[in-house]
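target_23.pdb (PDB, C-alpha atoms, pLDDT in the B column) appears below.
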```pdb
MODEL        1
ATOM      1  CA  MET A1008     102.974 129.097 100.795  1.00 65.00           C
ATOM      2  CA  ASN A1009     104.670 128.227  97.539  1.00 86.00           C
ATOM      3  CA  GLU A1010     104.114 124.557  96.757  1.00 93.00           C
ATOM      4  CA  ALA A1011     106.742 124.178  94.051  1.00 96.00           C
ATOM      5  CA  TRP A1012     108.754 121.991  96.458  1.00 98.00           C
ATOM      6  CA  LEU A1013     105.935 119.441  96.308  1.00 98.00           C
ATOM      7  CA  ASP A1014     106.054 119.458  92.519  1.00 98.00           C
ATOM      8  CA  GLU A1015     109.712 118.446  92.644  1.00 98.00           C
ATOM      9  CA  ILE A1016     108.817 115.078  94.107  1.00 98.00           C
ATOM     10  CA  ARG A1017     108.460 112.192  91.718  1.00 98.00           C
ATOM     11  CA  TRP A1018     105.261 110.645  92.977  1.00 98.00           C
ATOM     12  CA  THR A1019     104.422 107.029  92.236  1.00 96.00           C
ATOM     13  CA  ALA A1020     101.660 106.069  89.815  1.00 95.00           C
ATOM     14  CA  ASP A1021      99.424 106.078  92.911  1.00 95.00           C
ATOM     15  CA  ASP A1022     100.546 109.639  93.756  1.00 97.00           C
ATOM     16  CA  LEU A1023     102.491 108.523  96.805  1.00 98.00           C
ATOM     17  CA  VAL A1024     106.037 108.808  98.073  1.00 98.00           C
ATOM     18  CA  PRO A1025     107.737 106.498 100.588  1.00 98.00           C
ATOM     19  CA  ALA A1026     108.754 108.114 103.861  1.00 98.00           C
ATOM     20  CA  ILE A1027     111.305 106.916 106.415  1.00 98.00           C
ATOM     21  CA  ALA A1028     111.027 108.129 110.007  1.00 98.00           C
ATOM     22  CA  GLN A1029     114.277 108.330 111.928  1.00 98.00           C
ATOM     23  CA  GLN A1030     114.679 109.311 115.566  1.00 98.00           C
ATOM     24  CA  ALA A1031     116.758 112.483 115.310  1.00 98.00           C
ATOM     25  CA  ASP A1032     118.961 112.113 118.376  1.00 97.00           C
ATOM     26  CA  SER A1033     119.746 108.384 118.293  1.00 98.00           C
ATOM     27  CA  GLY A1034     119.606 107.868 114.525  1.00 98.00           C
ATOM     28  CA  LYS A1035     117.357 104.859 115.038  1.00 98.00           C
ATOM     29  CA  ILE A1036     115.036 104.056 112.149  1.00 98.00           C
ATOM     30  CA  LEU A1037     111.556 103.807 113.606  1.00 98.00           C
ATOM     31  CA  MET A1038     109.187 103.180 110.759  1.00 98.00           C
ATOM     32  CA  PHE A1039     108.409 103.382 107.075  1.00 98.00           C
ATOM     33  CA  ALA A1040     105.150 104.620 105.627  1.00 98.00           C
ATOM     34  CA  TRP A1041     103.678 106.390 102.621  1.00 98.00           C
ATOM     35  CA  MET A1042     102.648 109.973 102.025  1.00 98.00           C
ATOM     36  CA  ASN A1043     100.512 111.654  99.436  1.00 98.00           C
ATOM     37  CA  ARG A1044     100.858 115.297  98.527  1.00 98.00           C
ATOM     38  CA  GLU A1045      98.409 116.468 101.140  1.00 98.00           C
ATOM     39  CA  SER A1046     100.011 114.485 103.959  1.00 98.00           C
ATOM     40  CA  LEU A1047     103.473 115.824 103.132  1.00 98.00           C
ATOM     41  CA  ARG A1048     102.127 119.351 102.898  1.00 98.00           C
ATOM     42  CA  LEU A1049     100.442 118.951 106.296  1.00 98.00           C
ATOM     43  CA  THR A1050     103.569 117.395 107.799  1.00 98.00           C
ATOM     44  CA  ALA A1051     105.560 120.484 106.843  1.00 98.00           C
ATOM     45  CA  ALA A1052     102.811 122.887 107.888  1.00 97.00           C
ATOM     46  CA  GLU A1053     101.933 121.290 111.231  1.00 97.00           C
ATOM     47  CA  GLY A1054     105.362 120.036 112.262  1.00 98.00           C
ATOM     48  CA  TYR A1055     104.079 116.560 113.070  1.00 98.00           C
ATOM     49  CA  ALA A1056     104.168 113.525 110.798  1.00 98.00           C
ATOM     50  CA  VAL A1057     101.063 112.913 108.714  1.00 98.00           C
ATOM     51  CA  TYR A1058     101.046 109.827 106.504  1.00 98.00           C
ATOM     52  CA  TRP A1059      98.674 108.316 104.001  1.00 98.00           C
ATOM     53  CA  SER A1060      97.165 105.043 105.133  1.00 96.00           C
ATOM     54  CA  ARG A1061      96.935 102.755 102.130  1.00 94.00           C
ATOM     55  CA  SER A1062      94.857 100.229 104.051  1.00 93.00           C
ATOM     56  CA  ARG A1063      92.332 102.763 105.329  1.00 95.00           C
ATOM     57  CA  ASN A1064      92.666 105.035 102.303  1.00 96.00           C
ATOM     58  CA  LYS A1065      92.802 108.195 104.381  1.00 97.00           C
ATOM     59  CA  LEU A1066      95.137 110.699 105.968  1.00 97.00           C
ATOM     60  CA  TRP A1067      96.795 109.284 109.056  1.00 96.00           C
ATOM     61  CA  ARG A1068      97.989 111.695 111.676  1.00 97.00           C
ATOM     62  CA  LYS A1069     100.516 109.428 113.346  1.00 97.00           C
ATOM     63  CA  GLY A1070      99.647 109.119 117.026  1.00 95.00           C
ATOM     64  CA  GLU A1071      96.091 110.379 116.681  1.00 93.00           C
ATOM     65  CA  GLU A1072      94.856 107.354 118.653  1.00 89.00           C
ATOM     66  CA  SER A1073      97.926 106.296 120.601  1.00 91.00           C
ATOM     67  CA  GLY A1074      99.299 109.733 121.415  1.00 94.00           C
ATOM     68  CA  HIS A1075     102.595 108.581 119.907  1.00 95.00           C
ATOM     69  CA  ARG A1076     102.979 111.581 117.673  1.00 97.00           C
ATOM     70  CA  GLN A1077     106.130 112.352 115.753  1.00 98.00           C
ATOM     71  CA  LYS A1078     107.484 115.860 116.043  1.00 98.00           C
ATOM     72  CA  VAL A1079     109.282 116.667 112.805  1.00 98.00           C
ATOM     73  CA  LEU A1080     112.715 118.260 113.134  1.00 98.00           C
ATOM     74  CA  GLY A1081     113.771 117.943 109.504  1.00 98.00           C
ATOM     75  CA  ILE A1082     112.465 116.798 106.117  1.00 98.00           C
ATOM     76  CA  TYR A1083     114.935 115.455 103.561  1.00 98.00           C
ATOM     77  CA  LEU A1084     114.688 114.345  99.930  1.00 98.00           C
ATOM     78  CA  ASP A1085     116.872 111.849  98.120  1.00 98.00           C
ATOM     79  CA  CYS A1086     118.792 112.243  94.873  1.00 98.00           C
ATOM     80  CA  ASP A1087     116.031 110.699  92.762  1.00 97.00           C
ATOM     81  CA  GLU A1088     113.369 112.903  94.362  1.00 98.00           C
ATOM     82  CA  ASP A1089     111.299 109.840  95.136  1.00 98.00           C
ATOM     83  CA  VAL A1090     111.920 109.103  98.829  1.00 98.00           C
ATOM     84  CA  VAL A1091     111.445 111.351 101.859  1.00 98.00           C
ATOM     85  CA  LEU A1092     113.292 111.106 105.160  1.00 98.00           C
ATOM     86  CA  LEU A1093     111.857 112.598 108.332  1.00 98.00           C
ATOM     87  CA  LYS A1094     114.061 113.275 111.313  1.00 98.00           C
ATOM     88  CA  ILE A1095     111.686 113.154 114.199  1.00 98.00           C
ATOM     89  CA  GLU A1096     111.241 113.117 117.938  1.00 98.00           C
ATOM     90  CA  GLN A1097     109.042 110.140 118.773  1.00 98.00           C
ATOM     91  CA  GLN A1098     106.624 110.989 121.552  1.00 97.00           C
ATOM     92  CA  GLY A1099     106.148 108.189 124.059  1.00 96.00           C
ATOM     93  CA  GLY A1100     109.228 106.442 122.678  1.00 97.00           C
ATOM     94  CA  ILE A1101     107.093 103.963 120.735  1.00 97.00           C
ATOM     95  CA  ALA A1102     106.572 104.081 116.962  1.00 97.00           C
ATOM     96  CA  CYS A1103     105.384 100.519 116.317  1.00 97.00           C
ATOM     97  CA  HIS A1104     101.840  99.276 116.772  1.00 95.00           C
ATOM     98  CA  THR A1105     103.336  96.191 118.454  1.00 96.00           C
ATOM     99  CA  GLY A1106     104.427  98.405 121.353  1.00 96.00           C
ATOM    100  CA  ARG A1107     108.094  98.496 120.381  1.00 97.00           C
ATOM    101  CA  GLU A1108     110.256 101.536 119.828  1.00 98.00           C
ATOM    102  CA  SER A1109     110.897 100.611 116.183  1.00 98.00           C
ATOM    103  CA  CYS A1110     108.977  98.650 113.572  1.00 98.00           C
ATOM    104  CA  PHE A1111     112.259  97.058 112.460  1.00 98.00           C
ATOM    105  CA  TYR A1112     112.466  94.772 115.456  1.00 98.00           C
ATOM    106  CA  ARG A1113     113.314  91.486 113.734  1.00 98.00           C
ATOM    107  CA  GLN A1114     116.816  90.585 112.639  1.00 98.00           C
ATOM    108  CA  LEU A1115     117.808  87.829 110.251  1.00 98.00           C
ATOM    109  CA  GLN A1116     119.836  85.337 112.267  1.00 97.00           C
ATOM    110  CA  GLY A1117     120.901  82.361 110.205  1.00 95.00           C
ATOM    111  CA  ASP A1118     117.753  81.607 108.258  1.00 95.00           C
ATOM    112  CA  ARG A1119     115.250  83.007 110.744  1.00 97.00           C
ATOM    113  CA  TRP A1120     113.801  86.408 111.613  1.00 98.00           C
ATOM    114  CA  GLN A1121     114.345  86.846 115.337  1.00 98.00           C
ATOM    115  CA  PRO A1122     112.753  89.579 117.457  1.00 98.00           C
ATOM    116  CA  VAL A1123     115.583  91.601 118.978  1.00 98.00           C
ATOM    117  CA  GLU A1124     113.678  94.436 120.619  1.00 97.00           C
ATOM    118  CA  PRO A1125     111.453  94.392 123.668  1.00 97.00           C
ATOM    119  CA  VAL A1126     107.775  95.264 123.779  1.00 97.00           C
ATOM    120  CA  LEU A1127     107.677  98.455 125.842  1.00 96.00           C
ATOM    121  CA  LYS A1128     103.925  98.626 126.171  1.00 94.00           C
ATOM    122  CA  ASP A1129     101.064  96.206 125.636  1.00 93.00           C
ATOM    123  CA  PRO A1130      99.514  97.079 122.256  1.00 92.00           C
ATOM    124  CA  GLU A1131      96.053  96.710 123.713  1.00 90.00           C
ATOM    125  CA  ALA A1132      96.882  99.353 126.266  1.00 90.00           C
ATOM    126  CA  ILE A1133      98.151 101.679 123.546  1.00 87.00           C
ATOM    127  CA  TYR A1134      94.938 101.683 121.577  1.00 78.00           C
ATOM    128  CA  ARG A1135      92.405 101.035 124.314  1.00 63.00           C
ATOM    129  CA  ILE A1136      89.512 103.442 124.022  1.00 56.00           C
ATOM    130  CA  SER A1137      88.826 104.989 127.387  1.00 48.00           C
TER     131      SER A1137
ATOM    132  CA  MET B1356     119.821  76.973 103.024  1.00 65.00           C
ATOM    133  CA  ASN B1357     116.215  77.123 104.123  1.00 86.00           C
ATOM    134  CA  GLU B1358     114.463  79.938 102.268  1.00 93.00           C
ATOM    135  CA  ALA B1359     111.336  80.131 104.421  1.00 96.00           C
ATOM    136  CA  TRP B1360     112.555  83.515 105.692  1.00 98.00           C
ATOM    137  CA  LEU B1361     112.158  84.868 102.155  1.00 98.00           C
ATOM    138  CA  ASP B1362     108.600  83.565 102.013  1.00 98.00           C
ATOM    139  CA  GLU B1363     107.738  85.632 105.086  1.00 98.00           C
ATOM    140  CA  ILE B1364     108.243  88.835 103.167  1.00 98.00           C
ATOM    141  CA  ARG B1365     105.192  90.474 101.678  1.00 98.00           C
ATOM    142  CA  TRP B1366     106.479  91.297  98.233  1.00 98.00           C
ATOM    143  CA  THR B1367     104.833  93.995  96.135  1.00 96.00           C
ATOM    144  CA  ALA B1368     102.775  93.154  93.059  1.00 95.00           C
ATOM    145  CA  ASP B1369     106.066  93.537  91.156  1.00 95.00           C
ATOM    146  CA  ASP B1370     107.740  91.028  93.522  1.00 97.00           C
ATOM    147  CA  LEU B1371     109.907  93.662  95.148  1.00 98.00           C
ATOM    148  CA  VAL B1372     110.537  94.936  98.654  1.00 98.00           C
ATOM    149  CA  PRO B1373     111.878  98.378  99.608  1.00 98.00           C
ATOM    150  CA  ALA B1374     115.251  98.400 101.341  1.00 98.00           C
ATOM    151  CA  ILE B1375     116.807 101.131 103.468  1.00 98.00           C
ATOM    152  CA  ALA B1376     120.595 101.223 103.862  1.00 98.00           C
ATOM    153  CA  GLN B1377     121.876 102.697 107.114  1.00 98.00           C
ATOM    154  CA  GLN B1378     125.495 103.223 108.055  1.00 98.00           C
ATOM    155  CA  ALA B1379     125.852 100.973 111.088  1.00 98.00           C
ATOM    156  CA  ASP B1380     128.212 103.040 113.224  1.00 97.00           C
ATOM    157  CA  SER B1381     126.856 106.552 112.642  1.00 98.00           C
ATOM    158  CA  GLY B1382     123.200 105.653 112.085  1.00 98.00           C
ATOM    159  CA  LYS B1383     123.165 107.813 108.975  1.00 98.00           C
ATOM    160  CA  ILE B1384     120.635 106.794 106.326  1.00 98.00           C
ATOM    161  CA  LEU B1385     122.550 106.470 103.099  1.00 98.00           C
ATOM    162  CA  MET B1386     120.118 105.301 100.472  1.00 98.00           C
ATOM    163  CA  PHE B1387     116.868 103.605  99.579  1.00 98.00           C
ATOM    164  CA  ALA B1388     116.487 101.005  96.848  1.00 98.00           C
ATOM    165  CA  TRP B1389     114.479  97.944  95.889  1.00 98.00           C
ATOM    166  CA  MET B1390     115.201  94.235  96.142  1.00 98.00           C
ATOM    167  CA  ASN B1391     113.678  91.198  94.562  1.00 98.00           C
ATOM    168  CA  ARG B1392     113.861  87.765  96.093  1.00 98.00           C
ATOM    169  CA  GLU B1393     117.114  86.884  94.377  1.00 98.00           C
ATOM    170  CA  SER B1394     118.849  90.106  95.379  1.00 98.00           C
ATOM    171  CA  LEU B1395     117.867  89.691  99.018  1.00 98.00           C
ATOM    172  CA  ARG B1396     118.964  86.071  98.981  1.00 98.00           C
ATOM    173  CA  LEU B1397     122.319  87.093  97.501  1.00 98.00           C
ATOM    174  CA  THR B1398     122.692  89.950  99.985  1.00 98.00           C
ATOM    175  CA  ALA B1399     122.392  87.493 102.848  1.00 98.00           C
ATOM    176  CA  ALA B1400     124.586  84.882 101.181  1.00 97.00           C
ATOM    177  CA  GLU B1401     127.388  87.189 100.027  1.00 97.00           C
ATOM    178  CA  GLY B1402     127.362  89.711 102.865  1.00 98.00           C
ATOM    179  CA  TYR B1403     127.278  92.691 100.510  1.00 98.00           C
ATOM    180  CA  ALA B1404     124.215  94.620  99.378  1.00 98.00           C
ATOM    181  CA  VAL B1405     122.635  93.480  96.127  1.00 98.00           C
ATOM    182  CA  TYR B1406     119.630  95.434  94.897  1.00 98.00           C
ATOM    183  CA  TRP B1407     117.246  95.176  91.994  1.00 98.00           C
ATOM    184  CA  SER B1408     117.598  98.015  89.513  1.00 96.00           C
ATOM    185  CA  ARG B1409     114.128  98.910  88.295  1.00 94.00           C
ATOM    186  CA  SER B1410     115.529 101.194  85.588  1.00 93.00           C
ATOM    187  CA  ARG B1411     117.949  98.611  84.205  1.00 95.00           C
ATOM    188  CA  ASN B1412     115.746  95.649  85.112  1.00 96.00           C
ATOM    189  CA  LYS B1413     118.633  93.616  86.480  1.00 97.00           C
ATOM    190  CA  LEU B1414     120.452  92.668  89.633  1.00 97.00           C
ATOM    191  CA  TRP B1415     122.610  95.507  90.900  1.00 96.00           C
ATOM    192  CA  ARG B1416     125.567  94.649  93.030  1.00 97.00           C
ATOM    193  CA  LYS B1417     126.000  98.019  94.705  1.00 97.00           C
ATOM    194  CA  GLY B1418     129.511  99.302  94.021  1.00 95.00           C
ATOM    195  CA  GLU B1419     130.206  96.968  91.118  1.00 93.00           C
ATOM    196  CA  GLU B1420     131.346  99.943  89.033  1.00 89.00           C
ATOM    197  CA  SER B1421     132.289 102.516  91.665  1.00 91.00           C
ATOM    198  CA  GLY B1422     133.864 100.177  94.201  1.00 94.00           C
ATOM    199  CA  HIS B1423     131.505 101.681  96.785  1.00 95.00           C
ATOM    200  CA  ARG B1424     130.274  98.361  98.036  1.00 97.00           C
ATOM    201  CA  GLN B1425     128.145  97.979 101.144  1.00 98.00           C
ATOM    202  CA  LYS B1426     129.244  95.380 103.648  1.00 98.00           C
ATOM    203  CA  VAL B1427     126.141  94.094 105.400  1.00 98.00           C
ATOM    204  CA  LEU B1428     126.306  93.852 109.182  1.00 98.00           C
ATOM    205  CA  GLY B1429     122.633  93.189 109.814  1.00 98.00           C
ATOM    206  CA  ILE B1430     119.353  92.622 107.982  1.00 98.00           C
ATOM    207  CA  TYR B1431     116.108  93.677 109.657  1.00 98.00           C
ATOM    208  CA  LEU B1432     112.421  93.322 108.794  1.00 98.00           C
ATOM    209  CA  ASP B1433     109.572  95.575 109.847  1.00 98.00           C
ATOM    210  CA  CYS B1434     106.313  94.675 111.572  1.00 98.00           C
ATOM    211  CA  ASP B1435     104.357  94.471 108.313  1.00 97.00           C
ATOM    212  CA  GLU B1436     107.011  92.269 106.693  1.00 98.00           C
ATOM    213  CA  ASP B1437     107.163  94.600 103.739  1.00 98.00           C
ATOM    214  CA  VAL B1438     110.279  96.739 104.309  1.00 98.00           C
ATOM    215  CA  VAL B1439     113.883  95.648 104.838  1.00 98.00           C
ATOM    216  CA  LEU B1440     116.554  97.593 106.693  1.00 98.00           C
ATOM    217  CA  LEU B1441     120.235  96.920 106.083  1.00 98.00           C
ATOM    218  CA  LYS B1442     122.841  98.047 108.565  1.00 98.00           C
ATOM    219  CA  ILE B1443     125.935  98.439 106.490  1.00 98.00           C
ATOM    220  CA  GLU B1444     129.491  99.632 106.334  1.00 98.00           C
ATOM    221  CA  GLN B1445     129.753 101.888 103.285  1.00 98.00           C
ATOM    222  CA  GLN B1446     133.039 101.353 101.495  1.00 97.00           C
ATOM    223  CA  GLY B1447     134.626 104.558 100.236  1.00 96.00           C
ATOM    224  CA  GLY B1448     132.253 106.569 102.430  1.00 97.00           C
ATOM    225  CA  ILE B1449     130.068 107.440  99.443  1.00 97.00           C
ATOM    226  CA  ALA B1450     126.675 105.879  98.742  1.00 97.00           C
ATOM    227  CA  CYS B1451     125.192 108.446  96.344  1.00 97.00           C
ATOM    228  CA  HIS B1452     125.872 108.615  92.627  1.00 95.00           C
ATOM    229  CA  THR B1453     126.240 112.388  93.058  1.00 96.00           C
ATOM    230  CA  GLY B1454     129.425 111.772  95.036  1.00 96.00           C
ATOM    231  CA  ARG B1455     127.891 112.479  98.425  1.00 97.00           C
ATOM    232  CA  GLU B1456     127.903 110.254 101.494  1.00 98.00           C
ATOM    233  CA  SER B1457     124.103 109.990 101.524  1.00 98.00           C
ATOM    234  CA  CYS B1458     121.407 110.233  98.871  1.00 98.00           C
ATOM    235  CA  PHE B1459     119.298 112.265 101.328  1.00 98.00           C
ATOM    236  CA  TYR B1460     121.365 115.393 100.915  1.00 98.00           C
ATOM    237  CA  ARG B1461     118.590 117.957 100.472  1.00 98.00           C
ATOM    238  CA  GLN B1462     116.657 119.459 103.347  1.00 98.00           C
ATOM    239  CA  LEU B1463     113.413 121.369 103.160  1.00 98.00           C
ATOM    240  CA  GLN B1464     114.162 124.909 104.317  1.00 97.00           C
ATOM    241  CA  GLY B1465     111.138 127.169 104.139  1.00 95.00           C
ATOM    242  CA  ASP B1466     109.643 126.170 100.812  1.00 95.00           C
ATOM    243  CA  ARG B1467     112.852 125.033  99.100  1.00 97.00           C
ATOM    244  CA  TRP B1468     114.955 121.876  99.006  1.00 98.00           C
ATOM    245  CA  GLN B1469     118.468 122.965  99.911  1.00 98.00           C
ATOM    246  CA  PRO B1470     121.565 120.782  99.507  1.00 98.00           C
ATOM    247  CA  VAL B1471     123.102 120.397 102.956  1.00 98.00           C
ATOM    248  CA  GLU B1472     125.855 117.869 102.256  1.00 97.00           C
ATOM    249  CA  PRO B1473     129.109 118.304 100.351  1.00 97.00           C
ATOM    250  CA  VAL B1474     130.117 116.434  97.230  1.00 97.00           C
ATOM    251  CA  LEU B1475     133.040 114.299  98.392  1.00 96.00           C
ATOM    252  CA  LYS B1476     134.091 113.101  94.977  1.00 94.00           C
ATOM    253  CA  ASP B1477     133.368 114.199  91.410  1.00 93.00           C
ATOM    254  CA  PRO B1478     130.756 111.760  90.055  1.00 92.00           C
ATOM    255  CA  GLU B1479     132.650 111.540  86.775  1.00 90.00           C
ATOM    256  CA  ALA B1480     135.682 110.342  88.656  1.00 90.00           C
ATOM    257  CA  ILE B1481     133.615 107.718  90.453  1.00 87.00           C
ATOM    258  CA  TYR B1482     132.353 106.034  87.328  1.00 78.00           C
ATOM    259  CA  ARG B1483     135.193 106.797  84.901  1.00 63.00           C
ATOM    260  CA  ILE B1484     136.219 103.702  83.009  1.00 56.00           C
ATOM    261  CA  SER B1485     139.967 103.387  83.114  1.00 47.00           C
TER     262      SER B1485
ENDMDL
END
```
Could I get this structure in the form of structure tokens?
Amino acid sequence: MNEAWLDEIRWTADDLVPAIAQQADSGKILMFAWMNRESLRLTAAEGYAVYWSRSRNKLWRKGEESGHRQKVLGIYLDCDEDVVLLKIEQQGGIACHTGRESCFYRQLQGDRWQPVEPVLKDPEAIYRIS
Amino acid sequence: MNEAWLDEIRWTADDLVPAIAQQADSGKILMFAWMNRESLRLTAAEGYAVYWSRSRNKLWRKGEESGHRQKVLGIYLDCDEDVVLLKIEQQGGIACHTGRESCFYRQLQGDRWQPVEPVLKDPEAIYRIS
């Protein structure tokens, strides 16, 4: 497959691009992560979100441990060619490692960040090795 | 006002945080930009989005030239405290400097980025100095 579309992206000095994952049907923003060239190429090729874990310094197939994979319905690029948007279908309905649907679960209320979304599943149960 | 909520953010080495702007009613993702501490403080205080322009190295009151201001209805923080989400009401219905509603107007189709959103207003008309 022609990879010219990957060359159009303006990668950071670390060869990464930020990626936003949005639930396709509800429009809810679920998470934000980073991709390198290989993870974006794999995301397009496999149809499931693959990120680059900056903390673990390796490819991160979202849901590889939790089963909460993200089926990719569309990949979009912004006007500056430096941010990617994924429209996805979140399997299990949970994107956040805290057990919530979305990572953006705190809202600024007055001068405090308040949790405004419920924990749907105990995080320990999500990642428990059987 | 207590600024402890700003201290909770994990700023980058450049003292910035990425910010996603989402149209509150439709859920559409309109743009992605960066904020420094002062711009986020002003966003909360003024109720309109203020970003940090990395290219111009200055505060950027979104819409200051175009009139396409972003009224902020909610400010959210992610689980890692390193990404901010703004739910906004986009004035003029145009967030992108290309004259489109959203900056994410190109979709990957096969191996090409294809524009999938119309230009609503000629960019020259948006920024023309009268």
task: Output the contact residues of chain A with respect to chain B at a cut-off of 9 Å, based on all atoms listed in the file, as an NGL selection string.
output: :A and (1008-1013 or 1015 or 1027 or 1029 or 1033-1036 or 1038-1039 or 1051 or 1081-1087 or 1090-1092 or 1103-1105 or 1109-1116 or 1118-1120)
Written as a PDB file with C-alpha atoms, in the frame of the given file, which residues does the PyMOL selection byres ((chain B and resi 1409-1415) around 10) give for the file shown?
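Result saved to selection01.pdb:
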```pdb
ATOM      1  CA  LEU B1371     109.907  93.662  95.148  1.00 98.00           C
ATOM      2  CA  ALA B1388     116.487 101.005  96.848  1.00 98.00           C
ATOM      3  CA  TRP B1389     114.479  97.944  95.889  1.00 98.00           C
ATOM      4  CA  MET B1390     115.201  94.235  96.142  1.00 98.00           C
ATOM      5  CA  ASN B1391     113.678  91.198  94.562  1.00 98.00           C
ATOM      6  CA  GLU B1393     117.114  86.884  94.377  1.00 98.00           C
ATOM      7  CA  SER B1394     118.849  90.106  95.379  1.00 98.00           C
ATOM      8  CA  LEU B1397     122.319  87.093  97.501  1.00 98.00           C
ATOM      9  CA  ALA B1404     124.215  94.620  99.378  1.00 98.00           C
ATOM     10  CA  VAL B1405     122.635  93.480  96.127  1.00 98.00           C
ATOM     11  CA  TYR B1406     119.630  95.434  94.897  1.00 98.00           C
ATOM     12  CA  TRP B1407     117.246  95.176  91.994  1.00 98.00           C
ATOM     13  CA  SER B1408     117.598  98.015  89.513  1.00 96.00           C
ATOM     14  CA  ARG B1416     125.567  94.649  93.030  1.00 97.00           C
ATOM     15  CA  LYS B1417     126.000  98.019  94.705  1.00 97.00           C
ATOM     16  CA  GLY B1418     129.511  99.302  94.021  1.00 95.00           C
ATOM     17  CA  GLU B1419     130.206  96.968  91.118  1.00 93.00           C
ATOM     18  CA  GLU B1420     131.346  99.943  89.033  1.00 89.00           C
TER      19      GLU B1420
END
```
query: Which residues fall under the PyMOL selection byres ((chain B and resi 1427) around 7) in this file, as a ChimeraX atom specification?
result: /B:1402-1404,1425-1426,1428-1429,1441-1444
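Atom pair atom CA of Thr1050 of chain A / atom CA of Ile1101 of chain A has a distance of 19.0 Å (rounded to one decimal).
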Axis-aligned box for all listed atoms of segment 1042-1047 of chain A, 6 Å per side, centre and edges in Å to one decimal, as JSON:
```
{"center_x": 100.9, "center_y": 113.2, "center_z": 101.2, "size_x": 17.1, "size_y": 18.5, "size_z": 17.4}
```
Non-local contacts of Asp1129 of chain A (6 Å; only C-alpha atoms; under 2 positions in same chain excluded) as a PyMOL selection string: chain A and resi 1106+1131-1132
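Take atom CA of Ser1073 of chain A and atom CA of Ala1052 of chain A: the distance between them is 21.5 Å.
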task: Kindly give the distance, in Å, that separates atom CA of Glu1456 of chain B and atom CA of Gly1422 of chain B, rounded to a single decimal.
output: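 Result for atom CA of Glu1456 of chain B versus atom CA of Gly1422 of chain B: 13.8 Å, one decimal.
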Reconstruct segment 1361-1372 of chain B at the level of N, CA, C and O atoms, and format the result as a CSV table (one decimal), keeping the file's coordinate frame.
```
chain,number,residue,atom,x,y,z
B,1361,LEU,N,112.5,84.0,103.3
B,1361,LEU,CA,112.2,84.9,102.2
B,1361,LEU,C,110.7,84.8,101.9
B,1361,LEU,O,110.1,85.8,101.4
B,1362,ASP,N,110.0,83.7,102.2
B,1362,ASP,CA,108.6,83.6,102.0
B,1362,ASP,C,107.8,84.4,103.0
B,1362,ASP,O,106.6,84.7,102.8
B,1363,GLU,N,108.4,84.8,104.1
B,1363,GLU,CA,107.7,85.6,105.1
B,1363,GLU,C,107.6,87.1,104.6
B,1363,GLU,O,106.8,87.8,105.2
B,1364,ILE,N,108.3,87.5,103.6
B,1364,ILE,CA,108.2,88.8,103.2
B,1364,ILE,C,107.0,89.0,102.3
B,1364,ILE,O,106.7,88.2,101.5
B,1365,ARG,N,106.4,90.1,102.5
B,1365,ARG,CA,105.2,90.5,101.7
B,1365,ARG,C,105.7,91.3,100.5
B,1365,ARG,O,105.8,92.6,100.6
B,1366,TRP,N,106.0,90.6,99.4
B,1366,TRP,CA,106.5,91.3,98.2
B,1366,TRP,C,105.4,92.1,97.6
B,1366,TRP,O,104.2,91.8,97.7
B,1367,THR,N,105.8,93.2,96.9
B,1367,THR,CA,104.8,94.0,96.1
B,1367,THR,C,104.3,93.2,95.0
B,1367,THR,O,104.7,92.1,94.7
B,1368,ALA,N,103.3,93.8,94.3
B,1368,ALA,CA,102.8,93.2,93.1
B,1368,ALA,C,103.9,92.9,92.0
B,1368,ALA,O,103.8,92.0,91.2
B,1369,ASP,N,104.9,93.7,92.1
B,1369,ASP,CA,106.1,93.5,91.2
B,1369,ASP,C,107.1,92.6,91.7
B,1369,ASP,O,108.3,92.6,91.2
B,1370,ASP,N,106.8,91.9,92.9
B,1370,ASP,CA,107.7,91.0,93.5
B,1370,ASP,C,109.0,91.7,94.0
B,1370,ASP,O,110.1,91.2,94.0
B,1371,LEU,N,108.8,92.9,94.6
B,1371,LEU,CA,109.9,93.7,95.1
B,1371,LEU,C,109.6,94.0,96.6
B,1371,LEU,O,108.5,93.9,97.1
B,1372,VAL,N,110.7,94.4,97.3
B,1372,VAL,CA,110.5,94.9,98.7
B,1372,VAL,C,111.5,96.1,98.8
B,1372,VAL,O,112.6,96.1,98.2
```
